[in-house]
>>> print(open('final18.cif').read())   # mmCIF, C-alpha atoms
data_work
loop_
_atom_site.group_PDB
_atom_site.id
_atom_site.type_symbol
_atom_site.label_atom_id
_atom_site.label_comp_id
_atom_site.auth_asym_id
_atom_site.auth_seq_id
_atom_site.Cartn_x
_atom_site.Cartn_y
_atom_site.Cartn_z
ATOM 1 C CA MET A 1 88.167 97.570 90.937
ATOM 2 C CA LYS A 2 90.725 100.294 91.679
ATOM 3 C CA ILE A 3 93.469 99.252 94.065
ATOM 4 C CA LEU A 4 96.180 101.423 95.624
ATOM 5 C CA LEU A 5 99.428 99.721 96.683
ATOM 6 C CA VAL A 6 101.385 101.673 99.300
ATOM 7 C CA ASP A 7 104.851 100.230 99.916
ATOM 8 C CA ASP A 8 108.322 101.750 99.752
ATOM 9 C CA SER A 9 109.656 98.566 98.159
ATOM 10 C CA LYS A 10 109.132 98.377 94.396
ATOM 11 C CA THR A 11 109.885 94.644 94.645
ATOM 12 C CA MET A 12 107.020 94.144 97.071
ATOM 13 C CA ARG A 13 104.649 96.279 94.983
ATOM 14 C CA ASN A 14 105.522 94.158 91.936
ATOM 15 C CA ILE A 15 104.854 90.925 93.851
ATOM 16 C CA GLN A 16 101.498 92.260 95.024
ATOM 17 C CA LYS A 17 100.660 93.485 91.500
ATOM 18 C CA SER A 18 101.371 90.028 90.142
ATOM 19 C CA VAL A 19 98.986 88.430 92.690
ATOM 20 C CA LEU A 20 96.330 91.047 91.939
ATOM 21 C CA SER A 21 96.595 90.544 88.184
ATOM 22 C CA GLN A 22 96.192 86.782 88.717
ATOM 23 C CA LEU A 23 92.984 87.618 90.595
ATOM 24 C CA GLY A 24 91.861 89.682 87.606
ATOM 25 C CA TYR A 25 92.536 93.170 88.973
ATOM 26 C CA SER A 26 94.376 95.481 86.602
ATOM 27 C CA GLU A 27 93.458 99.014 87.676
ATOM 28 C CA ILE A 28 96.322 99.477 90.095
ATOM 29 C CA GLU A 29 98.041 102.651 91.303
ATOM 30 C CA GLU A 30 101.250 102.672 93.340
ATOM 31 C CA ALA A 31 102.565 104.929 96.091
ATOM 32 C CA CYS A 32 105.987 104.708 97.738
ATOM 33 C CA ASP A 33 105.010 106.076 101.179
ATOM 34 C CA GLY A 34 102.156 107.644 103.124
ATOM 35 C CA VAL A 35 102.778 111.131 101.758
ATOM 36 C CA ASP A 36 102.712 109.866 98.175
ATOM 37 C CA ALA A 37 99.565 107.838 98.923
ATOM 38 C CA LEU A 38 97.729 110.838 100.413
ATOM 39 C CA SER A 39 98.571 112.847 97.295
ATOM 40 C CA LYS A 40 97.073 110.117 95.069
ATOM 41 C CA VAL A 41 93.888 108.983 96.841
ATOM 42 C CA GLY A 42 91.884 112.047 95.847
ATOM 43 C CA ALA A 43 92.331 111.637 92.108
ATOM 44 C CA PHE A 44 92.534 107.825 91.999
ATOM 45 C CA MET A 45 89.643 107.099 94.412
ATOM 46 C CA PRO A 46 90.762 103.559 95.339
ATOM 47 C CA GLU A 47 88.244 100.884 96.270
ATOM 48 C CA LEU A 48 90.858 98.830 98.161
ATOM 49 C CA LEU A 49 94.224 99.773 99.646
ATOM 50 C CA LEU A 50 97.164 97.504 100.535
ATOM 51 C CA VAL A 51 99.423 99.411 102.926
ATOM 52 C CA ASP A 52 102.876 98.624 104.317
ATOM 53 C CA TRP A 53 103.700 99.794 107.857
ATOM 54 C CA ASN A 54 107.401 100.721 107.876
ATOM 55 C CA MET A 55 108.029 103.375 105.234
ATOM 56 C CA PRO A 56 110.087 106.577 105.119
ATOM 57 C CA ASN A 57 108.454 110.059 105.169
ATOM 58 C CA MET A 58 105.106 108.790 106.464
ATOM 59 C CA ASP A 59 104.558 105.278 107.821
ATOM 60 C CA GLY A 60 101.512 103.186 107.046
ATOM 61 C CA LEU A 61 99.822 103.625 110.423
ATOM 62 C CA THR A 62 100.002 107.430 110.211
ATOM 63 C CA PHE A 63 98.694 107.259 106.646
ATOM 64 C CA VAL A 64 95.731 105.070 107.710
ATOM 65 C CA LYS A 65 94.843 107.470 110.540
ATOM 66 C CA LYS A 66 94.933 110.461 108.174
ATOM 67 C CA TYR A 67 93.055 108.660 105.406
ATOM 68 C CA ARG A 68 90.342 107.534 107.824
ATOM 69 C CA GLN A 69 89.647 111.159 108.774
ATOM 70 C CA SER A 70 87.986 111.589 105.382
ATOM 71 C CA ASP A 71 87.205 108.011 104.291
ATOM 72 C CA LYS A 72 85.731 105.649 106.844
ATOM 73 C CA SER A 73 84.653 102.842 104.550
ATOM 74 C CA THR A 74 87.157 101.950 101.796
ATOM 75 C CA PRO A 75 88.765 98.672 102.890
ATOM 76 C CA ILE A 76 92.426 98.710 103.909
ATOM 77 C CA ILE A 77 94.664 95.666 104.257
ATOM 78 C CA MET A 78 97.926 96.184 106.151
ATOM 79 C CA VAL A 79 100.732 94.132 104.571
ATOM 80 C CA THR A 80 103.656 94.239 106.959
ATOM 81 C CA THR A 81 106.383 92.472 108.927
ATOM 82 C CA GLU A 82 104.846 93.791 112.166
ATOM 83 C CA THR A 83 103.502 90.682 113.895
ATOM 84 C CA GLU A 84 103.235 91.704 117.525
ATOM 85 C CA ARG A 85 99.701 91.547 118.908
ATOM 86 C CA ALA A 86 99.876 95.127 120.196
ATOM 87 C CA ARG A 87 100.780 96.374 116.710
ATOM 88 C CA VAL A 88 97.923 94.447 115.085
ATOM 89 C CA VAL A 89 95.473 95.887 117.625
ATOM 90 C CA GLU A 90 96.886 99.388 116.984
ATOM 91 C CA ALA A 91 96.361 98.967 113.246
ATOM 92 C CA ILE A 92 92.799 97.674 113.641
ATOM 93 C CA LYS A 93 91.993 100.603 115.973
ATOM 94 C CA ALA A 94 93.344 102.998 113.344
ATOM 95 C CA GLY A 95 90.891 101.600 110.815
ATOM 96 C CA VAL A 96 92.611 98.691 109.093
ATOM 97 C CA ASN A 97 90.152 96.003 107.942
ATOM 98 C CA ASN A 98 92.532 93.078 107.531
ATOM 99 C CA TYR A 99 96.151 92.136 108.095
ATOM 100 C CA VAL A 100 98.744 90.169 106.102
ATOM 101 C CA VAL A 101 102.122 89.362 107.634
ATOM 102 C CA LYS A 102 105.193 89.356 105.388
ATOM 103 C CA PRO A 103 106.447 86.916 104.232
ATOM 104 C CA PHE A 104 103.242 85.721 102.596
ATOM 105 C CA THR A 105 102.307 83.239 99.917
ATOM 106 C CA PRO A 106 100.301 84.428 96.895
ATOM 107 C CA ASP A 107 97.461 82.185 98.152
ATOM 108 C CA LEU A 108 97.361 83.890 101.541
ATOM 109 C CA LEU A 109 97.302 87.388 100.017
ATOM 110 C CA SER A 110 94.525 86.316 97.599
ATOM 111 C CA GLN A 111 92.544 84.840 100.484
ATOM 112 C CA ARG A 112 92.848 88.030 102.586
ATOM 113 C CA ILE A 113 91.833 90.236 99.651
ATOM 114 C CA ASN A 114 88.815 88.073 98.867
ATOM 115 C CA GLU A 115 87.631 87.819 102.473
ATOM 116 C CA THR A 116 88.057 91.576 102.977
ATOM 117 C CA LEU A 117 86.026 92.427 99.889
ATOM 118 C CA GLU A 118 83.348 89.855 100.782
ATOM 119 C CA LYS A 119 83.024 91.318 104.276
ATOM 120 C CA VAL A 120 82.678 94.851 102.908
ATOM 121 C CA ALA A 121 80.090 93.728 100.341
ATOM 122 C CA ALA A 122 78.006 91.852 102.959
ATOM 123 C CA MET B 123 123.720 87.841 123.560
ATOM 124 C CA ASP B 124 120.376 86.308 124.473
ATOM 125 C CA PRO B 125 120.256 82.938 122.645
ATOM 126 C CA LYS B 126 116.578 83.630 121.908
ATOM 127 C CA PHE B 127 117.725 86.381 119.531
ATOM 128 C CA ILE B 128 119.785 83.890 117.544
ATOM 129 C CA SER B 129 117.047 81.282 117.316
ATOM 130 C CA ALA B 130 114.566 83.974 116.235
ATOM 131 C CA PHE B 131 116.793 84.915 113.291
ATOM 132 C CA VAL B 132 117.352 81.267 112.372
ATOM 133 C CA LYS B 133 113.578 80.667 112.287
ATOM 134 C CA SER B 134 112.901 83.925 110.477
ATOM 135 C CA ILE B 135 115.370 83.463 107.610
ATOM 136 C CA SER B 136 114.111 79.906 107.073
ATOM 137 C CA ASN B 137 110.527 81.184 107.005
ATOM 138 C CA VAL B 138 111.250 84.096 104.630
ATOM 139 C CA PHE B 139 113.278 82.003 102.189
ATOM 140 C CA SER B 140 110.838 79.080 102.174
ATOM 141 C CA THR B 141 107.730 81.277 101.853
ATOM 142 C CA MET B 142 108.895 83.919 99.377
ATOM 143 C CA LEU B 143 111.534 81.944 97.446
ATOM 144 C CA GLN B 144 110.610 78.295 98.028
ATOM 145 C CA LEU B 145 114.272 77.960 98.949
ATOM 146 C CA PRO B 146 115.297 75.737 101.880
ATOM 147 C CA VAL B 147 118.009 77.139 104.156
ATOM 148 C CA GLU B 148 120.562 74.998 105.945
ATOM 149 C CA VAL B 149 121.752 76.878 109.018
ATOM 150 C CA GLY B 150 125.321 76.352 110.255
ATOM 151 C CA GLU B 151 126.823 76.846 113.698
ATOM 152 C CA PRO B 152 126.567 80.470 114.918
ATOM 153 C CA ARG B 153 129.900 82.007 115.990
ATOM 154 C CA ILE B 154 131.275 85.302 117.251
ATOM 155 C CA LYS B 155 132.608 87.569 114.506
ATOM 156 C CA ASP B 156 136.191 88.215 115.486
ATOM 157 C CA GLY B 157 137.495 90.786 113.083
ATOM 158 C CA ASP B 158 139.079 89.603 109.886
ATOM 159 C CA GLU B 159 136.200 87.521 108.617
ATOM 160 C CA GLU B 160 135.059 86.639 105.161
ATOM 161 C CA ARG B 161 134.142 89.605 102.972
ATOM 162 C CA PHE B 162 130.965 89.975 100.928
ATOM 163 C CA ASP B 163 129.707 91.815 97.837
ATOM 164 C CA VAL B 164 126.157 92.695 98.936
ATOM 165 C CA SER B 165 124.908 93.585 102.435
ATOM 166 C CA GLY B 166 121.408 94.551 103.565
ATOM 167 C CA ILE B 167 121.477 96.421 106.887
ATOM 168 C CA ILE B 168 118.664 97.169 109.288
ATOM 169 C CA GLY B 169 118.745 98.920 112.659
ATOM 170 C CA MET B 170 116.771 97.942 115.755
ATOM 171 C CA SER B 171 115.618 100.366 118.431
ATOM 172 C CA GLY B 172 113.405 100.263 121.492
ATOM 173 C CA GLU B 173 113.969 97.565 124.098
ATOM 174 C CA VAL B 174 116.502 95.847 121.825
ATOM 175 C CA VAL B 175 119.153 97.987 120.115
ATOM 176 C CA GLY B 176 121.740 97.318 117.435
ATOM 177 C CA SER B 177 121.916 96.210 113.843
ATOM 178 C CA VAL B 178 121.405 93.195 111.646
ATOM 179 C CA VAL B 179 123.166 92.568 108.345
ATOM 180 C CA LEU B 180 122.280 90.008 105.686
ATOM 181 C CA CYS B 181 125.457 89.385 103.672
ATOM 182 C CA PHE B 182 125.817 87.706 100.283
ATOM 183 C CA PRO B 183 128.489 86.909 97.726
ATOM 184 C CA GLY B 184 127.460 88.667 94.488
ATOM 185 C CA ASP B 185 126.526 85.548 92.521
ATOM 186 C CA ALA B 186 124.364 84.150 95.352
ATOM 187 C CA ALA B 187 122.639 87.519 95.737
ATOM 188 C CA GLU B 188 121.884 87.644 92.005
ATOM 189 C CA ARG B 189 120.380 84.141 92.042
ATOM 190 C CA ILE B 190 118.280 84.861 95.137
ATOM 191 C CA VAL B 191 117.017 88.193 93.789
ATOM 192 C CA ALA B 192 116.134 86.508 90.474
ATOM 193 C CA ILE B 193 113.882 84.034 92.310
ATOM 194 C CA PHE B 194 112.427 86.721 94.591
ATOM 195 C CA THR B 195 111.577 89.216 91.848
ATOM 196 C CA GLY B 196 111.136 86.869 88.888
ATOM 197 C CA GLU B 197 113.698 88.961 86.993
ATOM 198 C CA GLN B 198 117.378 88.474 86.254
ATOM 199 C CA MET B 199 119.180 91.520 87.687
ATOM 200 C CA ALA B 200 122.877 92.358 87.997
ATOM 201 C CA VAL B 201 124.061 93.557 91.420
ATOM 202 C CA ASP B 202 124.593 97.057 90.030
ATOM 203 C CA SER B 203 121.117 97.380 88.518
ATOM 204 C CA GLU B 204 118.809 100.074 89.847
ATOM 205 C CA ASP B 205 116.219 97.799 91.479
ATOM 206 C CA PHE B 206 118.652 95.304 92.988
ATOM 207 C CA PRO B 207 119.116 97.084 96.387
ATOM 208 C CA ASP B 208 115.346 97.336 96.788
ATOM 209 C CA ALA B 209 114.974 93.550 96.606
ATOM 210 C CA ILE B 210 117.826 92.962 99.076
ATOM 211 C CA GLY B 211 116.369 95.620 101.378
ATOM 212 C CA GLU B 212 112.992 93.917 101.380
ATOM 213 C CA LEU B 213 114.578 90.546 102.204
ATOM 214 C CA VAL B 214 116.463 91.925 105.221
ATOM 215 C CA ASN B 215 113.323 93.807 106.251
ATOM 216 C CA MET B 216 111.308 90.579 106.323
ATOM 217 C CA VAL B 217 114.050 88.609 108.104
ATOM 218 C CA ALA B 218 114.537 91.289 110.793
ATOM 219 C CA GLY B 219 110.798 91.974 111.103
ATOM 220 C CA GLY B 220 110.009 88.289 111.499
ATOM 221 C CA ALA B 221 112.729 87.843 114.120
ATOM 222 C CA LYS B 222 111.671 90.836 116.202
ATOM 223 C CA GLY B 223 108.152 89.422 116.312
ATOM 224 C CA MET B 224 109.653 86.505 118.247
ATOM 225 C CA PHE B 225 111.370 88.712 120.862
ATOM 226 C CA GLU B 226 108.842 88.004 123.604
ATOM 227 C CA ASP B 227 107.534 90.956 125.604
ATOM 228 C CA ARG B 228 110.000 93.384 124.071
ATOM 229 C CA GLU B 229 108.845 96.505 122.258
ATOM 230 C CA VAL B 230 111.185 96.832 119.283
ATOM 231 C CA SER B 231 111.135 98.913 116.093
ATOM 232 C CA ILE B 232 113.135 98.336 112.940
ATOM 233 C CA SER B 233 114.545 101.002 110.645
ATOM 234 C CA CYS B 234 114.105 101.220 106.907
ATOM 235 C CA PRO B 235 116.834 99.066 105.333
ATOM 236 C CA SER B 236 120.094 100.255 103.749
ATOM 237 C CA VAL B 237 122.010 98.226 101.184
ATOM 238 C CA ILE B 238 125.734 98.173 100.410
ATOM 239 C CA VAL B 239 126.872 96.837 97.039
ATOM 240 C CA GLY B 240 130.646 96.605 96.524
ATOM 241 C CA LYS B 241 133.132 93.809 95.962
ATOM 242 C CA ASP B 242 134.746 92.312 99.087
ATOM 243 C CA HIS B 243 133.449 94.701 101.718
ATOM 244 C CA ASN B 244 133.138 94.188 105.438
ATOM 245 C CA VAL B 245 130.538 95.916 107.629
ATOM 246 C CA SER B 246 132.315 97.144 110.772
ATOM 247 C CA ARG B 247 130.582 97.872 114.033
ATOM 248 C CA LEU B 248 131.362 99.352 117.430
ATOM 249 C CA LYS B 249 133.393 96.883 119.460
ATOM 250 C CA ASP B 250 131.185 97.066 122.587
ATOM 251 C CA VAL B 251 128.402 94.908 121.137
ATOM 252 C CA PRO B 252 129.381 91.335 120.266
ATOM 253 C CA CYS B 253 128.455 90.387 116.723
ATOM 254 C CA VAL B 254 127.160 86.869 116.129
ATOM 255 C CA LEU B 255 127.508 85.462 112.658
ATOM 256 C CA ILE B 256 125.058 82.804 111.444
ATOM 257 C CA PRO B 257 126.200 81.036 108.257
ATOM 258 C CA CYS B 258 123.404 79.731 106.036
ATOM 259 C CA SER B 259 123.667 77.732 102.873
ATOM 260 C CA THR B 260 121.072 77.519 100.114
ATOM 261 C CA ASP B 261 120.931 76.056 96.614
ATOM 262 C CA CYS B 262 121.637 79.614 95.391
ATOM 263 C CA GLY B 263 124.797 79.935 97.491
ATOM 264 C CA GLU B 264 125.893 81.174 100.879
ATOM 265 C CA VAL B 265 124.082 83.800 102.972
ATOM 266 C CA VAL B 266 125.346 85.073 106.321
ATOM 267 C CA ILE B 267 123.347 86.894 109.008
ATOM 268 C CA GLU B 268 125.393 89.158 111.267
ATOM 269 C CA ILE B 269 123.556 90.135 114.440
ATOM 270 C CA ALA B 270 124.932 92.805 116.779
ATOM 271 C CA ILE B 271 122.010 93.503 119.101
ATOM 272 C CA GLN B 272 121.425 93.619 122.836
ATOM 273 C CA ASP B 273 118.796 94.513 125.394
ATOM 274 C CA ARG B 274 118.697 98.287 125.801
ATOM 275 C CA LYS B 275 118.957 98.040 129.605
ATOM 276 C CA LEU B 276 122.146 96.016 129.211
ATOM 277 C CA ALA B 277 123.511 98.591 126.751
ATOM 278 C CA GLU B 278 122.658 101.461 129.135
ATOM 279 C CA GLY B 279 124.299 99.561 132.043
ATOM 280 C CA ALA B 280 127.481 99.129 130.014
ATOM 281 C CA ASP B 281 127.466 102.842 129.098
ATOM 282 C CA ALA B 282 127.040 103.839 132.753
ATOM 283 C CA GLN B 283 129.888 101.525 133.799
ATOM 284 C CA ALA B 284 132.163 102.955 131.102
ATOM 285 C CA ALA B 285 131.297 106.505 132.188
ATOM 286 C CA SER B 286 132.034 105.825 135.868
ATOM 287 C CA ALA B 287 135.301 104.056 134.968
ATOM 288 C CA SER B 288 136.467 107.065 132.971
ATOM 289 C CA VAL B 289 135.829 109.543 135.854
#
>>> encode(input="final18.cif", output="structure tokens")
Amino acid sequence: MKILLVDDSKTMRNIQKSVLSQLGYSEIEEACDGVDALSKVGAFMPELLLVDWNMPNMDGLTFVKKYRQSDKSTPIIMVTTETERARVVEAIKAGVNNYVVKPFTPDLLSQRINETLEKVAA
Amino acid sequence: MDPKFISAFVKSISNVFSTMLQLPVEVGEPRIKDGDEERFDVSGIIGMSGEVVGSVVLCFPGDAAERIVAIFTGEQMAVDSEDFPDAIGELVNMVAGGAKGMFEDREVSISCPSVIVGKDHNVSRLKDVPCVLIPCSTDCGEVVIEIAIQDRKLAEGADAQAASASV
């Protein structure tokens, strides 16, 4: 499965990569903001995206809105420090399928990835 | 400063360090920063805007920062290595983001983090916002949170008062 990690923090991308490799996923592409992600989705064709919210150049919410204009179905998990209910609702309305609040344990991230993929497959 | 702000940061740093680093944090007595305080080697800074305005700084001695980053990233890094500021930035991002989530009924945004690395520096701020310093100790060494934030309405009131006093 091809997974795109969108986060301006290399540290956070590495942590997520480590969880994903423990789950058996190795086909991973990285983007450092929404602009970078938009430039990569066409060629990489991800089957799952993990997207941070607060990023320079283009934030995660703007990226999701733009991405959803052309792709309505590929699952997106927002991985962010934004915990307020209004923000979560905003993200879901924009087309996010699931939500992980930072800080997270590897178990929680694994659980969210699995439940998101199961829901999409159902 | 609203005491709820302080307790939010206390809860948030404990949560971030225990979840991401499995590192318990012992929080000391918060106090007002009064000028010539202790100096640090690494500082992660984040701005807040919206209904709460100001800045938050997570300050570390160099050796504590190196130990904490090693646990966080799984790699031994010197403070001057290329990826070191990224790790510190992400820590302050999570601490500030977690705290703002506890500011009830206030719409607040946080900036992307900035990181200062340099021996014995001090982050100065404008004098009109009191800065509260929260000392924290961990098995990796000391960490200090400096919070200089206030409700925007309060900040605007103070600005208006200053303007009318200067007329």
>>> closest_residue(input="final18.cif", among="B:Val230, B:Met216, B:Ile128, B:Met142", to="A:Leu108", atoms="only C-alpha atoms")
B:Met142
>>> resolve_selection(input="final18.cif", expression="the PyMOL selection byres ((chain A) within 9 of (chain B))", output="MDAnalysis selection string")
chainID A and resid 8:12 14:15 54:56 80:84 101:106
>>> atom_distance(input="final18.cif", atom1="atom CA of B:Gly279", atom2="atom CA of B:Asp156")
23.3 Å
>>> closest_residue(input="final18.cif", among="B:Leu255, B:Ala130, B:Ala200, B:Ile271", to="B:Cys181", atoms="all atoms listed in the file")
B:Leu255
>>> atom_distance(input="final18.cif", atom1="atom CA of B:Ile190", atom2="atom CA of B:Val265")
9.8 Å
>>> residues_around(input="final18.cif", residues="A:Gly34", least_positions_apart="3", cutoff="9 Å", atoms="all atoms listed in the file", output="count of residues only")
17
>>> resolve_selection(input="final18.cif", expression="the PyMOL selection byres ((chain A and resi 99) around 10)", output="mmCIF file with C-alpha atoms, keeping the file's coordinate frame")
data_model
loop_
_atom_site.group_PDB
_atom_site.id
_atom_site.type_symbol
_atom_site.label_atom_id
_atom_site.label_comp_id
_atom_site.auth_asym_id
_atom_site.auth_seq_id
_atom_site.Cartn_x
_atom_site.Cartn_y
_atom_site.Cartn_z
ATOM 1 C CA LEU A 50 97.164 97.504 100.535
ATOM 2 C CA VAL A 51 99.423 99.411 102.926
ATOM 3 C CA ILE A 76 92.426 98.710 103.909
ATOM 4 C CA ILE A 77 94.664 95.666 104.257
ATOM 5 C CA MET A 78 97.926 96.184 106.151
ATOM 6 C CA VAL A 79 100.732 94.132 104.571
ATOM 7 C CA THR A 80 103.656 94.239 106.959
ATOM 8 C CA GLU A 82 104.846 93.791 112.166
ATOM 9 C CA THR A 83 103.502 90.682 113.895
ATOM 10 C CA VAL A 88 97.923 94.447 115.085
ATOM 11 C CA ALA A 91 96.361 98.967 113.246
ATOM 12 C CA ILE A 92 92.799 97.674 113.641
ATOM 13 C CA VAL A 96 92.611 98.691 109.093
ATOM 14 C CA ASN A 97 90.152 96.003 107.942
ATOM 15 C CA ASN A 98 92.532 93.078 107.531
ATOM 16 C CA VAL A 100 98.744 90.169 106.102
ATOM 17 C CA VAL A 101 102.122 89.362 107.634
ATOM 18 C CA LYS A 102 105.193 89.356 105.388
ATOM 19 C CA LEU A 109 97.302 87.388 100.017
ATOM 20 C CA ARG A 112 92.848 88.030 102.586
ATOM 21 C CA ILE A 113 91.833 90.236 99.651
ATOM 22 C CA THR A 116 88.057 91.576 102.977
#
>>> closest_residue(input="final18.cif", among="B:Lys126, B:Lys249, B:Lys241, B:Lys155", to="B:Ile267", atoms="all atoms listed in the file")
B:Lys155
>>> atom_distance(input="final18.cif", atom1="atom CA of A:Glu27", atom2="atom CA of A:Leu48")
10.8 Å
>>> resolve_selection(input="final18.cif", expression="the PyMOL selection byres ((chain B and resi 147) around 6)", output="ChimeraX atom specification")
/B:136,146,148,259-260
>>> write_last_selection(input="final18.cif", atoms="C-alpha atoms", output="PDB file, in the coordinates of the input")
ATOM      1  CA  SER B 136     114.111  79.906 107.073  1.00  0.00           C
ATOM      2  CA  PRO B 146     115.297  75.737 101.880  1.00  0.00           C
ATOM      3  CA  GLU B 148     120.562  74.998 105.945  1.00  0.00           C
ATOM      4  CA  SER B 259     123.667  77.732 102.873  1.00  0.00           C
ATOM      5  CA  THR B 260     121.072  77.519 100.114  1.00  0.00           C
TER       6      THR B 260
END
>>> residues_around(input="final18.cif", residues="stretch 149-151 of chain B", least_positions_apart="5", cutoff="7 Å", atoms="only C-alpha atoms", output="list in words")
Ile256, Pro257, Cys258 and Ser259 of chain B
>>> residues_around(input="final18.cif", residues="A:Ser110", least_positions_apart="5", cutoff="8 Å", atoms="all atoms listed in the file", output="PyMOL selection string")
chain A and resi 19-20+23
>>> write_last_selection(input="final18.cif", atoms="C-alpha atoms", output="PDB file, in the coordinates of the input")
ATOM      1  CA  VAL A  19      98.986  88.430  92.690  1.00  0.00           C
ATOM      2  CA  LEU A  20      96.330  91.047  91.939  1.00  0.00           C
ATOM      3  CA  LEU A  23      92.984  87.618  90.595  1.00  0.00           C
TER       4      LEU A  23
END
>>> closest_residue(input="final18.cif", among="B:Asp242, B:Asp185, B:Glu197, B:Glu268", to="B:Arg161", atoms="only C-alpha atoms")
B:Asp242
